[in-house]
Structures are given as structure tokens and as C-alpha cells.
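Take a look at the structure below.
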Amino acid sequence: MKTLETPRLILRSFLWSDLPSFNHYAQKATIGPNAGWKPHESIQESEAILAKFIEGQEVWAITSKRDGRLLGSIGLHPDNHRRNPRARSIGYVLDDEFWGQGYITEATRRVIRFAFEELGLDLVTVTHYPFNERSKRVIERCGFVYEGTLKQATVRYDGVILDEVLYYLDLEQYQKIKHLI
């Protein structure tokens, strides 16, 4: 997995040494439910997920350039709503201690550039649940175009059925805004 840099961040492969910090934010009730997963209940649960991140090589650890601290994660995944192999979906999580500082916007913009300029993708998508206003603001700041709301699209870990708000950024749109991001 290629390491990516921004002015304040390093996006790198996860390491086993990230486990304590990963578990710290993954167990918070303010984090997982916004992304559709239950808060981790044990270090062993976090360890199993971290193993998938390390093996899968599609999720970057978001770390601070200043002190190396793990802030969250960002991934570029196959788009579950499309069969297009040249489309990927961005997903991200940030420890709530770092909310409101622009880190996810910065990381997302870098992953978008990587997706179009280095991977040669045609389409990058992102979704959020209707209640997740913070994620909506990040998505809009990154230039994504609202595609629609998929009603009753997913069942969350706790059985709640949720809509998904869908956005896309295609190559043509990216070319128009890349100087802004």
C-alpha cells in the first residue's frame, strides 16, 4: 500500500503497533455507529479488524506528521452499489478527539487525487447516513456531487434500517475541481 502525504498527515499502512490507539477510538460510542459498525467491545475484537486492514491493504492509517499519532483511518473500497471495476468508494473514521480540525477533508482530498491520478479510476463514491451531518460537510467540501438517497438501504449492526445518501465524483468533475482540492 502506497504511503500518501498531505501538509499535516501521513496516510500509511496499518501496523500492529497501532492496536492500542485503534482500540481506543474504535470502542467509542461516538465513532462506529456513524459508520455503521458497533463499538468494539474488546482489544481482541480490534485486533481481528486490524488484521483485516493489514492483510487487505485497502485501508490507510491516518497519522499526524507532527507526532505520528494515529488519528483514524480512510479506505478506498470496491463500491457495493456498482459493478464497475473502475469505481471505488471512500470510507473514513476519525477519533472524535480530532473532529472539527479538517483532518478528514485533507485525507479525503489526497485519496481522491490518488484514485484518479495514480490508480486511473473513472469514479469515486462516498455515502453517509442522513443523521451524519459532519460527514455530509466533508463530502461537500471535497466536491462530491449528490446522487440520491437510497431508501432503507442497509441494516446497521443493531438492527436499525437506515437510508444511505450517495455522492459521486467522476473523472470529468474531478478535472474541473482538482485545482481546488
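Residues in the C-alpha cells are numbered from 1 in each chain, the chains being A, B, ... in the order shown, and ligands are numbered from 1 in the order shown.
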Region 115-172 of chain A: residues DSSP assigns to helix (DSSP H, G or I), reported as a VMD selection string: chain A and resid 115 to 118 133 to 141 171 to 172
Surrounding residues of region 134-146 of chain A excluding itself and chain neighbours under 4 positions, 7 Å, only C-alpha atoms, as a ChimeraX atom specification: /A:105,109,128,166-169,181
Interatomic distance (Å, one decimal) between CA of Arg88 (chain A) and CA of Ala115 (chain A):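 Here the two named atoms are 8.2 Å from each other.
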Nearby residues (only C-alpha atoms) at most 10 Å from region 29-42 of chain A, same-chain spacing under 4 positions excluded, as JSON, numbers by chain: {"A": [22, 23, 24, 25, 46, 47, 49, 91, 92, 93, 94, 95, 96, 127, 128, 129, 130, 131, 132, 133, 134, 135, 154, 155, 156, 157, 158, 160, 162]}
Convert the current residue selection to file output with N, CA and C atoms, as a compact mmCIF listing (two decimals), in the first residue's frame.
```txt
# COMPACT_ATOMS: atom_id res chain seq x y z
N PHE A 22 -5.93 2.30 17.93
CA PHE A 22 -7.08 1.88 17.15
C PHE A 22 -8.21 1.45 18.08
N ASN A 23 -7.90 0.61 19.05
CA ASN A 23 -8.90 0.15 20.01
C ASN A 23 -9.47 1.32 20.81
N HIS A 24 -8.63 2.30 21.14
CA HIS A 24 -9.08 3.46 21.91
C HIS A 24 -10.25 4.16 21.23
N TYR A 25 -10.13 4.44 19.92
CA TYR A 25 -11.23 5.14 19.27
C TYR A 25 -12.32 4.20 18.77
N SER A 46 -10.79 -5.54 18.23
CA SER A 46 -9.99 -4.56 17.46
C SER A 46 -8.84 -5.25 16.75
N GLU A 47 -8.23 -6.22 17.41
CA GLU A 47 -7.11 -6.95 16.81
C GLU A 47 -7.56 -7.70 15.55
N ILE A 49 -10.06 -6.92 13.54
CA ILE A 49 -10.32 -5.94 12.48
C ILE A 49 -9.00 -5.40 11.94
N GLY A 91 -14.33 5.44 2.42
CA GLY A 91 -14.90 5.37 3.76
C GLY A 91 -13.86 5.86 4.75
N TYR A 92 -14.30 6.56 5.77
CA TYR A 92 -13.34 7.12 6.72
C TYR A 92 -13.91 7.14 8.13
N VAL A 93 -12.99 7.16 9.08
CA VAL A 93 -13.31 7.24 10.50
C VAL A 93 -12.25 8.10 11.15
N LEU A 94 -12.68 8.97 12.05
CA LEU A 94 -11.73 9.82 12.78
C LEU A 94 -12.08 9.79 14.26
N ASP A 95 -11.07 9.61 15.09
CA ASP A 95 -11.25 9.68 16.54
C ASP A 95 -11.90 11.03 16.86
N ASP A 96 -12.93 11.02 17.69
CA ASP A 96 -13.66 12.25 17.99
C ASP A 96 -12.80 13.32 18.68
N THR A 127 -20.68 7.60 0.75
CA THR A 127 -22.03 7.63 1.30
C THR A 127 -21.98 8.06 2.77
N HIS A 128 -23.14 8.49 3.24
CA HIS A 128 -23.29 8.75 4.68
C HIS A 128 -24.73 8.48 5.06
N TYR A 129 -24.96 8.29 6.33
CA TYR A 129 -26.32 8.16 6.83
C TYR A 129 -26.91 9.56 6.98
N PRO A 130 -28.22 9.71 6.83
CA PRO A 130 -28.82 11.04 6.87
C PRO A 130 -28.52 11.85 8.14
N PHE A 131 -28.33 11.18 9.26
CA PHE A 131 -28.08 11.90 10.51
C PHE A 131 -26.62 12.37 10.65
N ASN A 132 -25.74 11.92 9.79
CA ASN A 132 -24.31 12.23 9.95
C ASN A 132 -23.95 13.52 9.20
N GLU A 133 -24.29 14.63 9.82
CA GLU A 133 -24.05 15.95 9.21
C GLU A 133 -22.56 16.27 9.07
N ARG A 134 -21.75 15.80 9.98
CA ARG A 134 -20.30 16.05 9.88
C ARG A 134 -19.74 15.43 8.60
N SER A 135 -20.12 14.20 8.33
CA SER A 135 -19.65 13.53 7.13
C SER A 135 -20.18 14.23 5.88
N THR A 154 -29.69 -0.20 4.19
CA THR A 154 -28.80 -1.07 4.96
C THR A 154 -29.35 -1.32 6.36
N VAL A 155 -28.98 -2.45 6.89
CA VAL A 155 -29.33 -2.77 8.27
C VAL A 155 -28.06 -2.63 9.10
N ARG A 156 -28.10 -1.71 10.05
CA ARG A 156 -26.95 -1.49 10.92
C ARG A 156 -26.83 -2.66 11.90
N TYR A 157 -25.67 -2.78 12.52
CA TYR A 157 -25.37 -3.87 13.46
C TYR A 157 -26.44 -4.07 14.53
N ASP A 158 -27.17 -2.99 14.89
CA ASP A 158 -28.17 -3.07 15.95
C ASP A 158 -29.58 -3.33 15.42
N VAL A 160 -31.22 -1.55 13.18
CA VAL A 160 -31.87 -0.35 12.65
C VAL A 160 -31.66 -0.29 11.14
N LEU A 162 -31.44 1.82 7.82
CA LEU A 162 -31.07 3.20 7.52
C LEU A 162 -31.04 3.47 6.02
```
One-decimal distance in Å that lies between CA of Ser64 (chain A) and CA of Glu118 (chain A):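 Distance between the two atoms: 23.0 Å.
Within region 27-96 of chain A, the backbone-based DSSP assignment of strand (DSSP E or B) covers Val59, Trp60, Ala61, Ile62, Thr63, Ser64, Leu70, Leu71, Gly72, Ser73, Ile74, Gly75, Leu76, His77, Pro78, Ala87, Arg88, Ser89, Ile90, Gly91, Tyr92, Val93 and Leu94 of chain A.
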File of the preceding selection, C-alpha atoms, as a PDB file, in the first residue's frame:
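Everything below was put into out.pdb:
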```pdb
ATOM      1  CA  VAL A  59      -7.366   0.993   4.466  1.00  0.00           C
ATOM      2  CA  TRP A  60      -4.770   3.603   5.414  1.00  0.00           C
ATOM      3  CA  ALA A  61      -3.961   4.662   8.936  1.00  0.00           C
ATOM      4  CA  ILE A  62      -4.323   8.448   9.208  1.00  0.00           C
ATOM      5  CA  THR A  63      -1.415   9.706  11.291  1.00  0.00           C
ATOM      6  CA  SER A  64      -0.168  13.115  12.348  1.00  0.00           C
ATOM      7  CA  LEU A  70      -2.988   7.614  14.943  1.00  0.00           C
ATOM      8  CA  LEU A  71      -5.999   9.845  14.238  1.00  0.00           C
ATOM      9  CA  GLY A  72      -8.252   7.475  12.307  1.00  0.00           C
ATOM     10  CA  SER A  73      -8.500   5.549   9.055  1.00  0.00           C
ATOM     11  CA  ILE A  74      -9.521   6.016   5.444  1.00  0.00           C
ATOM     12  CA  GLY A  75     -10.168   3.358   2.852  1.00  0.00           C
ATOM     13  CA  LEU A  76     -10.732   3.039  -0.856  1.00  0.00           C
ATOM     14  CA  HIS A  77     -13.069   0.063  -1.249  1.00  0.00           C
ATOM     15  CA  PRO A  78     -14.997  -1.641  -4.035  1.00  0.00           C
ATOM     16  CA  ALA A  87     -15.168   2.696  -9.385  1.00  0.00           C
ATOM     17  CA  ARG A  88     -14.216   2.785  -5.717  1.00  0.00           C
ATOM     18  CA  SER A  89     -15.878   4.104  -2.604  1.00  0.00           C
ATOM     19  CA  ILE A  90     -14.171   6.127   0.113  1.00  0.00           C
ATOM     20  CA  GLY A  91     -14.904   5.366   3.756  1.00  0.00           C
ATOM     21  CA  TYR A  92     -13.344   7.125   6.725  1.00  0.00           C
ATOM     22  CA  VAL A  93     -13.314   7.240  10.502  1.00  0.00           C
ATOM     23  CA  LEU A  94     -11.731   9.823  12.783  1.00  0.00           C
TER      24      LEU A  94
END
```
Residues near Phe116 (chain A), cut-off 12 Å, only C-alpha atoms, skip fewer than 2 positions along chain, as a list in words: Leu76, Arg86, Ala87, Arg88, Arg109, Arg110, Val111, Ile112, Arg113, Phe114, Glu118, Leu119, Gly120, Leu121, Asp122, Leu123, Val124, Thr125, Leu169, Asp170, Leu171, Glu172, Gln173, Tyr174, Gln175 and Lys178 of chain A
Which residue of A:Glu5, A:Asp18, A:Asp79, A:Glu117 approaches Leu50 (chain A) most closely, using only C-alpha atoms: A:Asp18
Atom-to-atom span, CA of Arg8 (chain A) and CA of Gly56 (chain A), Å: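 So the two atoms, CA of Arg8 (chain A) and CA of Gly56 (chain A), lie 25.3 Å apart.
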Given only C-alpha atoms as the counted atoms, nearest of A:Asp67, A:Glu58, A:Glu97, A:Glu106 to Pro7 (chain A):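 Comparing A:Asp67, A:Glu58, A:Glu97, A:Glu106 against Pro7 (chain A), the winner is A:Glu106.
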